[in-house]
Amino acid sequence: MDYSIKIGGEAGQGIQTVGELLSRIFTRAGYYVFTHQDYESRIRGGHNFYQIRISDNYITASRSKIHILVALDKKSIYEYEKDLADDGHVLYDAEFLKEKFFKTNFLDVPLFKLAISHGGSKVMANTVAVGAVIGMLGMDPEIMYKLIMETFQKKGEEAINANIKSAKAGYEYARQQCLTCSFMVSEYLSPKLLITGNDAIGVGAIASDLKFYSAYPMTPSTGIFNFVAENAKNFGIVVEQAEDEISAINMAIGASFAGVRAMTATSGGGFALMVEGVSLAGMTETPLVIVLAQRPGPATGFPTRTEQADLLFALYAGHGEFPKVIFAPGTAEQALYLTNKAFDIAEKYQITVIILSDQYLADSQWSYENFDLNKLKYNDYRLRGEEFRALDKYSRHAFTPDGVSPLGVPGEAKHLVVTDSDEHDEEGHIIEDAQTRIKMVEKRLFKKLPLIKKEISSPLLYGENNPEIILLCWGSNYGIVREVVDEFSNKYKIVMLHFSELYPLPEDTKWLDYLKNAKLCISIEQNATSQFTKLLRMETGYKIENSINRFDGRPFTVEELKERVNGHLRRL
Amino acid sequence: MVTLEDFKGQQPSWCPGCGNFSILKAFNEAMVELGIEPYEFVIVSGIGQAGKFPHYTRCHIFNGLHGRTLPVATGIKLANHRLKVFAVAGDGDCYGEGGNHLIHAIRRNIDIKLFVHNNQIYGLTKGQASPTTMKKVVTKTQPFGVFSEPFNPLSMAIALNCGFVARAFAGDIEHLKSIFKEAINFLGFALVDILQPCVTFNKINTFEWYQERVYKLPSDYNPADRIKAFEKSLEWDNGIPIGIIYKAERPTFEEQIPVIKEKALIEHTPQLNNIKDLLMKFY
C-alpha cells in the first residue's frame with residue numbers, strides 16, 4: 001500500500017481540517033503517514049493544498065502521483081488531474097464547483113447537500129469529504145467515528161453527532177457511488193505517532209527543561225510559539241510575546257543569565273534583528289538556543305514557502321569571533337533529539353546553538369512507532385544552592401583549563417554574578433588591557449571549540465558501505481534524498497550523506513574520505529548557491545563539483561530529484 | 001548591617017565633575033538606608049557613560065547592549081522575580097536606541113526600576129544630540145541645530161499609565177536619594193528621569209542652568225491625578241518640576257502570570273517525567 005491524497009482549495013475552506021483529520025485516522029489505523037503543505041500568505045482565497053501519503057513502510061517524503069484528489073476548487077482539478085495515478089480518482093462537488101465532469105474516475109459527492117441534510121449545516125461539508133475519502137479507500141469507518149468523538153469532545157454531544165452523521169453520509173455515498181474505486185488498504189496495526197517539525201522542536205525543548213520562551217510571531221516559526229504556549233501551564237514555562245525580535249532575544253538572554261533555560265524562534269528577517277543579541281550571548285557566555293526557521297528571502301521573500309538559504313548567514317551571525325553551534329534536523333525525530341542536544345551543549349559550553357529549520361520541516365508531518373525518551377539527556381550544569389554558597393570566591397568568567405567558567409545563578413549565594421558586553425576580566429568587569437583580552441579570546445574560542453567539536457556527531461551515511469555515488473545534503477532534504485537513494489540502490493552503489501550537525505564539523509573526518517573516493521558526488525540544496533558546499537570547502541578545502549539546486553520556494557519532489565540525479569548519472 | 005563600604009566598586013572612569021558621581025553617591029546611600037545587600041539586586045545597564053554605572057557600585061551586573069537594558073531586565077525579572085531588578089541607561093540608550101522597549105516595559109508594568117541618566121547629549125561618542133537635546137542646539141553632527149522636538153519621557157510615560165513617574169536632579173543628592181527609595185519601594189514599573197549635567201560636552205544645560213530652573217513639587221501635590229501630572233510633565237522653559245510626578249496602582253506583570261504565582265520560575269523543578277503524556281496527543 002502506497003497511496004497519496006491531495007486536498008486542494010482556497011484558504012479558509014478547511015483544507016487543513018480535512019487533511020489533519022484524515023492524517024490522524026491513518027496513523028490511528030497504524031499506517032505510516034507523511035504530509036506536507038503548500039499555502040499562500042493569506043487567510044482567505046488563493047490556492048493551497050495539503051498532501052498526505054500513506055504506506056505500510058516508514059516513509060519520509062511526498063510522491064507526485066495522486067490516488068485521491070479532493071478538489072475543493074476548480075484550480076485543483078486543472079492543476080493536478082495530470083498527476084493522477086492510473087487508479088487515481090477525483091472527489092468533488094459538481095454543484096459547488098458549478099461544473100460537472102463526465103469522467104469515470106471523477107466522483108461527484110454532493111458535499112454541501114449531504115452536510116445540510118445529515119449534519120444540519122453546510123459547515124459539515126469538510127466532514128462529509130473526510131467520510132467520502134475513507135469510503136473510497138474502503139476503510140473500516142470505526143476509527144473515523146472514534147476520532148471525530150475525540151476531536152469534537154469539547155464542543156459537546158450535538159457537534160459530535162452532527163459530524164458523525166455527516167462523515168457517515170459521505171462514507172456511504174462513496175461506498176455506493178464509487179464503482180471504479182479499487183484501493184486496497186492494509187490491516188490495521190498499532191497506532192503511530194504523527195508530528196510536525198515545529199511540534200517536535202517544541203517537545204524537544206520542553207523535554208530539555210525549557211523554562212522561558214520569548215518571541216515575535218513569524219512564519220514558519222510560529223507553530224513552536226503556539227506549542228510552547230499551549231503547554232506553558234502544565235510544564236511551568238513563562239512565554240512572552242516580545243515587542244520585536246531584538247527584545248525577544250535579549251529577554252531570552254536575560255532569563256538565561258538569571259538561571260533558567262531559554263529559547264527564541266524566528267525566521268530570517270527576525271533573525272537579522274537578533275544578530276547583535278547573538279554576539280551579546282557570545283561575549284557574555286550566556287547559554288541560548290535559537291530556532292531559525294528559514295523561508296525564501298531576501299527581505300519578506302516568500303513568507304509561507306521553503307528554502308535553505310540562511311546557512312551562511314547563521315554561520316556568520318554576530319560581529320566578532322566566538323563559538324557557535326548550528327544544527328539542521330532532517331526529520332521530526334531528528335528535530336526532537338537535536339533540540340535536546342542543543343540545550344545540553346548550549347548550557348555545557350555557555351554558547352549559542354542555532355537550530356536551522358525551514359518551512360518544509362516546520363509544517364510537514366512524520367509518523368513513528370514512538371520516540372525513545374531514554375535518549376534524551378538532562379544535566380544541570382549551573383552552579384546553584386549549597387555548592388555555590390560554599391565557595392570562598394566566585395568569578396563569573398574565571399579562567400579554567402577547559403575555558404568553561406562556573407555558571408553561577410545570581411541570588412543563590414552572596415557571590416556577585418557580573419558580566420559585560422564590553423571585554424571584561426575574570427570577574428566580569430570592563431577592561432582595556434591587551435593581555436586579558438588575549439586570554440579571554442583564547443578561553444571563549446580556542447579552548448572551548450575543540451571540546452565542542454568532540455560533541456558533534458558524524459554525518460549519516462544512508463545506503464551502501466562502499467559508495468561510488470554520493471548525494472550530499474543537509475537539513476530537511478533528508479527524506480526526499482533518502483527516497484531517491486532507495487529508487488537507485490538496485491542499479492548503483494549510491495548513498496546519501498546527510499549532515500544534521502553542520503557546524504562545527506565533527507572531529508572524525510571519515511566521511512571526507514568517502515567524498516574523496518567517490519566517482520560522483522552531488523550536493524543537493526534548497527538554495528541557489530550551494531551554501532553547504534562553501535562551508536565544506538572553507539573547513540576542509542574539499543570542493544564538491546556537482547550541485548542540484550532548487551530555489552523557487554517549493555520543496556524538491558522525489559520524482560523531480562530522481563530525474564535530475566539521473567541527468568548526472570547518465571554522464572558517468 | 002549593610003554599609004557604604006559594601007558598595008565600593010571599581011574606580012570610575014567618568015570625567016571629573018560629572019553628574020554621574022552624585023547619582024552614584026545617592027544610589028549607594030539609598031541602598032544602605034533601605035538595607036539592601038549587594039547580592040539581592042541586579043543592575044542591567046546599556047552602553048554610554050551611564051552603562052558603566054553598575055561597575056562602580058557592587059551588585060549582580062548584566063552590562064549589555066546599547067538600548068537593550070529593558071528586555072534583558074524583563075527576562076531576568078521573569079526568571080527570578082525575587083531578585084530586585086534595576087535598569088540604568090542614558091538618554092540616548094533608553095529614549096533613542098531602546099525607545100520601543102520603554103513603551104512596552106511601561107505597558108507591562110513589570111517590577112523593574114529604570115533610572116535614566118539624562119544629560120541631553122551623547123557623552124561617550126563625544127557630543128552629538130540625544131533625543132532630549134533641545135531644539136536649535138548646534139553639535140558636530142547637527143551643524144544647523146537640532147530640528148526635532150525633544151523627547152518628553154514623562155509625558156509619554158503618563159500617557160501609557162506608567163506605575164511610577166519621577167524626575168530628579170543630580171545636583172540635589174538628598175532629594176535624588178529619596179526618589180530612589182520611593183521608586184524601589186514602589187511595586188511595579190518605575191521611571192526616574194535624572195537630569196544630569198555633562199561637564200564636557202553639554203555647555204548649555206550646565207549645573208547652573210538646571211539649578212536655576214528645577215523646583216521641588218509642593219507637599220500637597222497629588223501624583224494620582226493623571227491630567228494634572230500630564231500638565232506638570234510639560235513644564236520646562238519656566239521651571240522644571242522634580243519629584244514624583246505620577247503614580248498609578250496597577251497589577252504587576254509578573255503577578256498576573258499563573259506559572260510564577262506560587263514560586264519564582266528559577267525554583268521550578270524539571271518535569272521531565274511528563275514528556276510521555278505530552279507525546280500522547282500526537283497519537
# chains A, B, ... in the order shown; residues from 1 in each chain; ligands from 1
call {"tool": "residues_around", "arguments": {"residues": "range 272-278 of chain B", "least_positions_apart": "3", "cutoff": "8 Å", "atoms": "only C-alpha atoms", "output": "ChimeraX atom specification"}}
result
/A:203,206-209,373 /B:281
call {"tool": "write_last_selection", "arguments": {"atoms": "N, CA and C atoms", "output": "CSV table (one decimal), in the first residue's frame"}}
result
chain,number,residue,atom,x,y,z
A,203,VAL,N,8.5,19.8,21.6
A,203,VAL,CA,8.6,18.7,22.6
A,203,VAL,C,10.1,18.6,23.1
A,206,ILE,N,10.8,21.3,25.6
A,206,ILE,CA,10.2,21.1,26.9
A,206,ILE,C,10.8,19.9,27.6
A,207,ALA,N,11.2,18.9,26.8
A,207,ALA,CA,11.9,17.7,27.4
A,207,ALA,C,13.3,18.1,27.9
A,208,SER,N,13.8,19.3,27.5
A,208,SER,CA,15.1,19.7,28.0
A,208,SER,C,15.0,20.7,29.1
A,209,ASP,N,13.8,20.8,29.7
A,209,ASP,CA,13.5,21.8,30.8
A,209,ASP,C,13.6,23.2,30.3
A,373,LEU,N,12.5,8.0,24.7
A,373,LEU,CA,12.8,9.1,25.6
A,373,LEU,C,14.0,8.9,26.4
B,281,LYS,N,-0.7,13.2,22.8
B,281,LYS,CA,-1.7,13.9,22.0
B,281,LYS,C,-1.3,13.8,20.5
call {"tool": "interface_residues", "arguments": {"of": "chain A", "to": "chain B", "cutoff": "7 Å", "atoms": "only C-alpha atoms", "output": "JSON, numbers by chain"}}
result
{"A": [28, 191, 192, 193, 194, 195, 207, 209, 233, 235, 236, 237, 238, 243, 247, 250, 251, 252, 253, 254, 255, 257, 258, 259, 260, 410, 411, 414, 415, 416, 417, 418, 419, 420, 421, 429]}
call {"tool": "residues_around", "arguments": {"residues": "Asp91 in chain B", "least_positions_apart": "3", "cutoff": "10 Å", "atoms": "only C-alpha atoms", "output": "list in words"}}
result
Gly48, Ala50, Gly67, Cys94, Tyr95, Gly96, Glu97, Gly98, Gly99, Val116, His117, Asn118, Asn119, Gln120, Ile121, Tyr122, Ser130, Pro131, Thr132, Thr133, Phe151, Pro153, Asp193, Ile194 and Leu195 of chain B
call {"tool": "write_last_selection", "arguments": {"atoms": "N, CA and C atoms", "output": "PDB file, in the first residue's frame"}}
result
ATOM      1  N   GLY B  48      27.009  53.630  27.055  1.00  0.00           N
ATOM      2  CA  GLY B  48      27.009  55.066  27.291  1.00  0.00           C
ATOM      3  C   GLY B  48      27.701  55.259  28.635  1.00  0.00           C
ATOM      4  N   ALA B  50      26.400  56.140  31.340  1.00  0.00           N
ATOM      5  CA  ALA B  50      25.533  55.550  32.376  1.00  0.00           C
ATOM      6  C   ALA B  50      25.688  54.039  32.430  1.00  0.00           C
ATOM      7  N   GLY B  67      20.781  50.230  24.273  1.00  0.00           N
ATOM      8  CA  GLY B  67      19.336  50.268  24.046  1.00  0.00           C
ATOM      9  C   GLY B  67      18.555  49.078  24.553  1.00  0.00           C
ATOM     10  N   CYS B  94      18.178  54.760  26.235  1.00  0.00           N
ATOM     11  CA  CYS B  94      16.816  54.361  26.565  1.00  0.00           C
ATOM     12  C   CYS B  94      15.742  55.074  25.757  1.00  0.00           C
ATOM     13  N   TYR B  95      15.977  56.367  25.452  1.00  0.00           N
ATOM     14  CA  TYR B  95      14.945  57.124  24.732  1.00  0.00           C
ATOM     15  C   TYR B  95      15.165  57.065  23.223  1.00  0.00           C
ATOM     16  N   GLY B  96      16.377  56.748  22.781  1.00  0.00           N
ATOM     17  CA  GLY B  96      16.669  56.650  21.353  1.00  0.00           C
ATOM     18  C   GLY B  96      16.683  55.208  20.914  1.00  0.00           C
ATOM     19  N   GLU B  97      17.838  54.579  21.064  1.00  0.00           N
ATOM     20  CA  GLU B  97      18.042  53.195  20.601  1.00  0.00           C
ATOM     21  C   GLU B  97      16.981  52.223  21.136  1.00  0.00           C
ATOM     22  N   GLY B  98      16.616  52.380  22.395  1.00  0.00           N
ATOM     23  CA  GLY B  98      15.706  51.399  23.005  1.00  0.00           C
ATOM     24  C   GLY B  98      14.299  51.910  23.229  1.00  0.00           C
ATOM     25  N   GLY B  99      13.884  52.919  22.472  1.00  0.00           N
ATOM     26  CA  GLY B  99      12.585  53.554  22.709  1.00  0.00           C
ATOM     27  C   GLY B  99      11.417  52.582  22.697  1.00  0.00           C
ATOM     28  N   VAL B 116      17.180  56.711  34.415  1.00  0.00           N
ATOM     29  CA  VAL B 116      17.775  57.243  33.194  1.00  0.00           C
ATOM     30  C   VAL B 116      18.634  58.458  33.533  1.00  0.00           C
ATOM     31  N   HIS B 117      19.911  58.351  33.227  1.00  0.00           N
ATOM     32  CA  HIS B 117      20.822  59.481  33.411  1.00  0.00           C
ATOM     33  C   HIS B 117      20.656  60.370  32.188  1.00  0.00           C
ATOM     34  N   ASN B 118      19.888  61.442  32.332  1.00  0.00           N
ATOM     35  CA  ASN B 118      19.521  62.262  31.186  1.00  0.00           C
ATOM     36  C   ASN B 118      20.361  63.540  31.177  1.00  0.00           C
ATOM     37  N   ASN B 119      21.402  63.544  30.329  1.00  0.00           N
ATOM     38  CA  ASN B 119      22.244  64.753  30.250  1.00  0.00           C
ATOM     39  C   ASN B 119      22.034  65.513  28.936  1.00  0.00           C
ATOM     40  N   GLN B 120      21.005  65.109  28.213  1.00  0.00           N
ATOM     41  CA  GLN B 120      20.601  65.790  26.973  1.00  0.00           C
ATOM     42  C   GLN B 120      21.708  65.854  25.925  1.00  0.00           C
ATOM     43  N   ILE B 121      22.620  64.898  25.969  1.00  0.00           N
ATOM     44  CA  ILE B 121      23.713  64.879  24.991  1.00  0.00           C
ATOM     45  C   ILE B 121      24.295  63.468  24.938  1.00  0.00           C
ATOM     46  N   TYR B 122      24.997  63.158  23.860  1.00  0.00           N
ATOM     47  CA  TYR B 122      25.734  61.898  23.809  1.00  0.00           C
ATOM     48  C   TYR B 122      27.134  62.161  24.332  1.00  0.00           C
ATOM     49  N   SER B 130      21.143  64.147  21.551  1.00  0.00           N
ATOM     50  CA  SER B 130      20.394  62.971  22.007  1.00  0.00           C
ATOM     51  C   SER B 130      18.912  63.256  21.776  1.00  0.00           C
ATOM     52  N   PRO B 131      18.039  62.270  22.024  1.00  0.00           N
ATOM     53  CA  PRO B 131      16.602  62.536  21.831  1.00  0.00           C
ATOM     54  C   PRO B 131      16.079  63.673  22.715  1.00  0.00           C
ATOM     55  N   THR B 132      16.794  63.976  23.804  1.00  0.00           N
ATOM     56  CA  THR B 132      16.302  65.027  24.697  1.00  0.00           C
ATOM     57  C   THR B 132      17.038  66.357  24.522  1.00  0.00           C
ATOM     58  N   THR B 133      17.953  66.440  23.568  1.00  0.00           N
ATOM     59  CA  THR B 133      18.631  67.720  23.299  1.00  0.00           C
ATOM     60  C   THR B 133      17.589  68.735  22.832  1.00  0.00           C
ATOM     61  N   PHE B 151      12.361  64.769  23.031  1.00  0.00           N
ATOM     62  CA  PHE B 151      11.523  63.684  23.569  1.00  0.00           C
ATOM     63  C   PHE B 151      11.169  64.007  25.009  1.00  0.00           C
ATOM     64  N   PRO B 153      10.031  62.178  28.094  1.00  0.00           N
ATOM     65  CA  PRO B 153       9.794  60.832  28.636  1.00  0.00           C
ATOM     66  C   PRO B 153       8.653  60.803  29.648  1.00  0.00           C
ATOM     67  N   ASP B 193      13.624  59.844  35.686  1.00  0.00           N
ATOM     68  CA  ASP B 193      14.438  60.603  34.734  1.00  0.00           C
ATOM     69  C   ASP B 193      15.315  61.537  35.566  1.00  0.00           C
ATOM     70  N   ILE B 194      16.625  61.299  35.491  1.00  0.00           N
ATOM     71  CA  ILE B 194      17.534  62.069  36.348  1.00  0.00           C
ATOM     72  C   ILE B 194      18.291  63.091  35.503  1.00  0.00           C
ATOM     73  N   LEU B 195      17.993  64.359  35.728  1.00  0.00           N
ATOM     74  CA  LEU B 195      18.687  65.415  34.991  1.00  0.00           C
ATOM     75  C   LEU B 195      20.116  65.503  35.506  1.00  0.00           C
TER      76      LEU B 195
END
call {"tool": "residues_around", "arguments": {"residues": "range 539-547 of chain A", "least_positions_apart": "5", "cutoff": "10 Å", "atoms": "only C-alpha atoms", "output": "list in words"}}
result
Leu471, Leu472, Tyr503, Pro504, Leu505, Thr509, Leu512, Leu515, Lys516, Leu520, Cys521, Ile522, Ser523, Ile524, Glu525, Ala528, Thr529, Ser530, Phe532, Thr533, Lys534, Val565 and His568 of chain A
call {"tool": "write_last_selection", "arguments": {"atoms": "C-alpha atoms", "output": "JSON list (two decimals), in the first residue's frame"}}
result
[["chain", "number", "residue", "atom", "x", "y", "z"],
["A", 471, "LEU", "CA", 24.19, 12.51, -2.72],
["A", 472, "LEU", "CA", 25.26, 15.12, -0.20],
["A", 503, "TYR", "CA", 28.88, 23.48, 12.45],
["A", 504, "PRO", "CA", 31.45, 22.96, 13.73],
["A", 505, "LEU", "CA", 32.16, 19.94, 11.55],
["A", 509, "THR", "CA", 36.53, 13.02, 9.22],
["A", 512, "LEU", "CA", 35.58, 13.14, 3.93],
["A", 515, "LEU", "CA", 33.63, 12.09, -0.63],
["A", 516, "LYS", "CA", 37.18, 11.96, -1.96],
["A", 520, "LEU", "CA", 30.44, 11.14, -8.36],
["A", 521, "CYS", "CA", 29.35, 13.46, -5.60],
["A", 522, "ILE", "CA", 26.34, 15.73, -5.99],
["A", 523, "SER", "CA", 25.33, 18.35, -3.49],
["A", 524, "ILE", "CA", 21.59, 18.84, -3.19],
["A", 525, "GLU", "CA", 20.45, 22.07, -1.64],
["A", 528, "ALA", "CA", 20.74, 29.00, -5.34],
["A", 529, "THR", "CA", 24.38, 28.98, -4.30],
["A", 530, "SER", "CA", 25.07, 25.59, -2.64],
["A", 532, "PHE", "CA", 26.88, 23.99, 2.44],
["A", 533, "THR", "CA", 29.49, 23.14, -0.20],
["A", 534, "LYS", "CA", 31.06, 26.53, 0.53],
["A", 565, "VAL", "CA", 20.21, 12.97, -10.39],
["A", 568, "HIS", "CA", 24.31, 13.32, -13.73]]
call {"tool": "closest_residue", "arguments": {"among": "B:Leu176, B:Cys162, B:Ala87, B:Met134", "to": "Asn109 in chain B", "atoms": "only C-alpha atoms"}}
result
B:Cys162
call {"tool": "residues_around", "arguments": {"residues": "range 451-454 of chain A", "least_positions_apart": "6", "cutoff": "10 Å", "atoms": "only C-alpha atoms", "output": "list in words"}}
result
Pro323, Lys324, Val325, Ile345, Ala346, Lys348, Tyr349, Ile351, Asp402, Gly403, Tyr503, Pro504, Leu505, Pro506, Glu507 and Asp508 of chain A
call {"tool": "select_by_dssp", "arguments": {"residues": "range 30-176 of chain A", "states": "helix (DSSP H, G or I)", "output": "ChimeraX atom specification"}}
result
/A:74-83,94-97,111-119,122-137,142-151,153-155,157-176
call {"tool": "residues_around", "arguments": {"residues": "Glu20 in chain A", "least_positions_apart": "3", "cutoff": "12 Å", "atoms": "only C-alpha atoms", "output": "VMD selection string"}}
result
(chain A and resid 5 to 7 14 to 17 23 to 27 33 to 37 50 to 52 126 to 127 130 144 147 to 148 151 194 to 196 363 to 365) or (chain B and resid 282)
call {"tool": "residues_around", "arguments": {"residues": "Ile326 in chain A", "least_positions_apart": "6", "cutoff": "9 Å", "atoms": "only C-alpha atoms", "output": "PyMOL selection string"}}
result
chain A and resi 311+314-315+342+352-356+500-504
call {"tool": "write_last_selection", "arguments": {"atoms": "N, CA and C atoms", "output": "PDB file, in the first residue's frame"}}
result
ATOM      1  N   LEU A 311      21.975  29.494   5.763  1.00  0.00           N
ATOM      2  CA  LEU A 311      23.039  28.755   6.452  1.00  0.00           C
ATOM      3  C   LEU A 311      24.268  29.624   6.701  1.00  0.00           C
ATOM      4  N   ALA A 314      23.532  32.367   9.177  1.00  0.00           N
ATOM      5  CA  ALA A 314      23.548  31.877  10.558  1.00  0.00           C
ATOM      6  C   ALA A 314      24.992  31.649  11.019  1.00  0.00           C
ATOM      7  N   LEU A 315      25.800  31.116  10.128  1.00  0.00           N
ATOM      8  CA  LEU A 315      27.193  30.824  10.473  1.00  0.00           C
ATOM      9  C   LEU A 315      27.926  32.095  10.870  1.00  0.00           C
ATOM     10  N   ALA A 342      20.851  20.525  21.606  1.00  0.00           N
ATOM     11  CA  ALA A 342      21.132  21.965  21.550  1.00  0.00           C
ATOM     12  C   ALA A 342      21.123  22.574  22.948  1.00  0.00           C
ATOM     13  N   THR A 352      25.760  29.828  22.118  1.00  0.00           N
ATOM     14  CA  THR A 352      24.504  29.827  21.369  1.00  0.00           C
ATOM     15  C   THR A 352      24.469  28.619  20.442  1.00  0.00           C
ATOM     16  N   VAL A 353      23.348  27.936  20.433  1.00  0.00           N
ATOM     17  CA  VAL A 353      23.124  26.888  19.442  1.00  0.00           C
ATOM     18  C   VAL A 353      21.947  27.320  18.578  1.00  0.00           C
ATOM     19  N   ILE A 354      22.169  27.302  17.270  1.00  0.00           N
ATOM     20  CA  ILE A 354      21.108  27.673  16.333  1.00  0.00           C
ATOM     21  C   ILE A 354      20.563  26.397  15.691  1.00  0.00           C
ATOM     22  N   ILE A 355      19.249  26.251  15.759  1.00  0.00           N
ATOM     23  CA  ILE A 355      18.604  25.126  15.067  1.00  0.00           C
ATOM     24  C   ILE A 355      18.037  25.678  13.771  1.00  0.00           C
ATOM     25  N   LEU A 356      18.626  25.251  12.669  1.00  0.00           N
ATOM     26  CA  LEU A 356      18.192  25.718  11.352  1.00  0.00           C
ATOM     27  C   LEU A 356      17.096  24.800  10.847  1.00  0.00           C
ATOM     28  N   SER A 500      23.219  16.730   9.769  1.00  0.00           N
ATOM     29  CA  SER A 500      22.229  17.416  10.599  1.00  0.00           C
ATOM     30  C   SER A 500      22.936  18.256  11.668  1.00  0.00           C
ATOM     31  N   GLU A 501      24.229  18.010  11.842  1.00  0.00           N
ATOM     32  CA  GLU A 501      25.020  18.844  12.748  1.00  0.00           C
ATOM     33  C   GLU A 501      26.061  19.516  11.859  1.00  0.00           C
ATOM     34  N   LEU A 502      25.781  20.767  11.512  1.00  0.00           N
ATOM     35  CA  LEU A 502      26.502  21.422  10.416  1.00  0.00           C
ATOM     36  C   LEU A 502      27.770  22.130  10.844  1.00  0.00           C
ATOM     37  N   TYR A 503      27.721  22.698  12.040  1.00  0.00           N
ATOM     38  CA  TYR A 503      28.880  23.482  12.448  1.00  0.00           C
ATOM     39  C   TYR A 503      29.029  23.475  13.967  1.00  0.00           C
ATOM     40  N   PRO A 504      30.243  23.291  14.479  1.00  0.00           N
ATOM     41  CA  PRO A 504      31.448  22.957  13.728  1.00  0.00           C
ATOM     42  C   PRO A 504      31.331  21.557  13.122  1.00  0.00           C
TER      43      PRO A 504
END
call {"tool": "atom_distance", "arguments": {"atom1": "CA of Phe343 in chain A", "atom2": "CA of Pro303 in chain A"}}
result
27.8 Å
call {"tool": "select_by_dssp", "arguments": {"residues": "range 30-198 of chain B", "states": "strand (DSSP E)", "output": "count of residues only"}}
result
35
call {"tool": "closest_residue", "arguments": {"among": "A:Met496, A:Leu114, A:Leu449, A:Ala281", "to": "Ser256 in chain A", "atoms": "only C-alpha atoms"}}
result
A:Ala281
call {"tool": "decode", "arguments": {"residues": "range 428-446 of chain A", "atoms": "N, CA and C atoms", "output": "mmCIF file, in the first residue's frame"}}
result
data_model
loop_
_atom_site.group_PDB
_atom_site.id
_atom_site.type_symbol
_atom_site.label_atom_id
_atom_site.label_comp_id
_atom_site.auth_asym_id
_atom_site.auth_seq_id
_atom_site.Cartn_x
_atom_site.Cartn_y
_atom_site.Cartn_z
ATOM 1 N N GLY A 428 34.220 39.858 35.450
ATOM 2 C CA GLY A 428 33.161 40.381 34.585
ATOM 3 C C GLY A 428 33.191 41.887 34.438
ATOM 4 N N HIS A 429 34.212 42.531 35.037
ATOM 5 C CA HIS A 429 34.291 43.992 34.939
ATOM 6 C C HIS A 429 35.032 44.420 33.679
ATOM 7 N N ILE A 430 34.708 45.621 33.197
ATOM 8 C CA ILE A 430 35.275 46.155 31.946
ATOM 9 C C ILE A 430 36.790 46.301 32.054
ATOM 10 N N ILE A 431 37.503 45.864 31.017
ATOM 11 C CA ILE A 431 38.956 46.062 30.977
ATOM 12 C C ILE A 431 39.353 46.628 29.611
ATOM 13 N N GLU A 432 40.562 47.114 29.532
ATOM 14 C CA GLU A 432 41.095 47.630 28.270
ATOM 15 C C GLU A 432 42.424 46.955 27.917
ATOM 16 N N ASP A 433 43.015 46.204 28.834
ATOM 17 C CA ASP A 433 44.383 45.726 28.610
ATOM 18 C C ASP A 433 44.449 44.544 27.634
ATOM 19 N N ALA A 434 45.534 44.505 26.880
ATOM 20 C CA ALA A 434 45.699 43.528 25.803
ATOM 21 C C ALA A 434 45.827 42.100 26.325
ATOM 22 N N GLN A 435 46.544 41.920 27.413
ATOM 23 C CA GLN A 435 46.795 40.573 27.916
ATOM 24 C C GLN A 435 45.502 39.857 28.311
ATOM 25 N N THR A 436 44.646 40.567 29.042
ATOM 26 C CA THR A 436 43.374 39.953 29.452
ATOM 27 C C THR A 436 42.536 39.630 28.212
ATOM 28 N N ARG A 437 42.550 40.556 27.260
ATOM 29 C CA ARG A 437 41.794 40.347 26.013
ATOM 30 C C ARG A 437 42.234 39.039 25.329
ATOM 31 N N ILE A 438 43.531 38.881 25.212
ATOM 32 C CA ILE A 438 44.035 37.682 24.530
ATOM 33 C C ILE A 438 43.593 36.428 25.292
ATOM 34 N N LYS A 439 43.729 36.471 26.596
ATOM 35 C CA LYS A 439 43.345 35.295 27.397
ATOM 36 C C LYS A 439 41.842 34.996 27.290
ATOM 37 N N MET A 440 41.049 36.065 27.199
ATOM 38 C CA MET A 440 39.590 35.875 27.099
ATOM 39 C C MET A 440 39.204 35.260 25.749
ATOM 40 N N VAL A 441 39.853 35.723 24.677
ATOM 41 C CA VAL A 441 39.557 35.158 23.355
ATOM 42 C C VAL A 441 39.971 33.682 23.337
ATOM 43 N N GLU A 442 41.122 33.407 23.928
ATOM 44 C CA GLU A 442 41.589 32.020 23.998
ATOM 45 C C GLU A 442 40.597 31.146 24.765
ATOM 46 N N LYS A 443 40.115 31.712 25.865
ATOM 47 C CA LYS A 443 39.161 30.970 26.700
ATOM 48 C C LYS A 443 37.857 30.708 25.951
ATOM 49 N N ARG A 444 37.266 31.786 25.414
ATOM 50 C CA ARG A 444 35.951 31.661 24.771
ATOM 51 C C ARG A 444 36.006 30.815 23.513
ATOM 52 N N LEU A 445 37.085 30.989 22.744
ATOM 53 C CA LEU A 445 37.111 30.410 21.411
ATOM 54 C C LEU A 445 38.016 29.176 21.323
ATOM 55 N N PHE A 446 39.292 29.375 21.551
ATOM 56 C CA PHE A 446 40.254 28.300 21.275
ATOM 57 C C PHE A 446 40.157 27.139 22.255
#
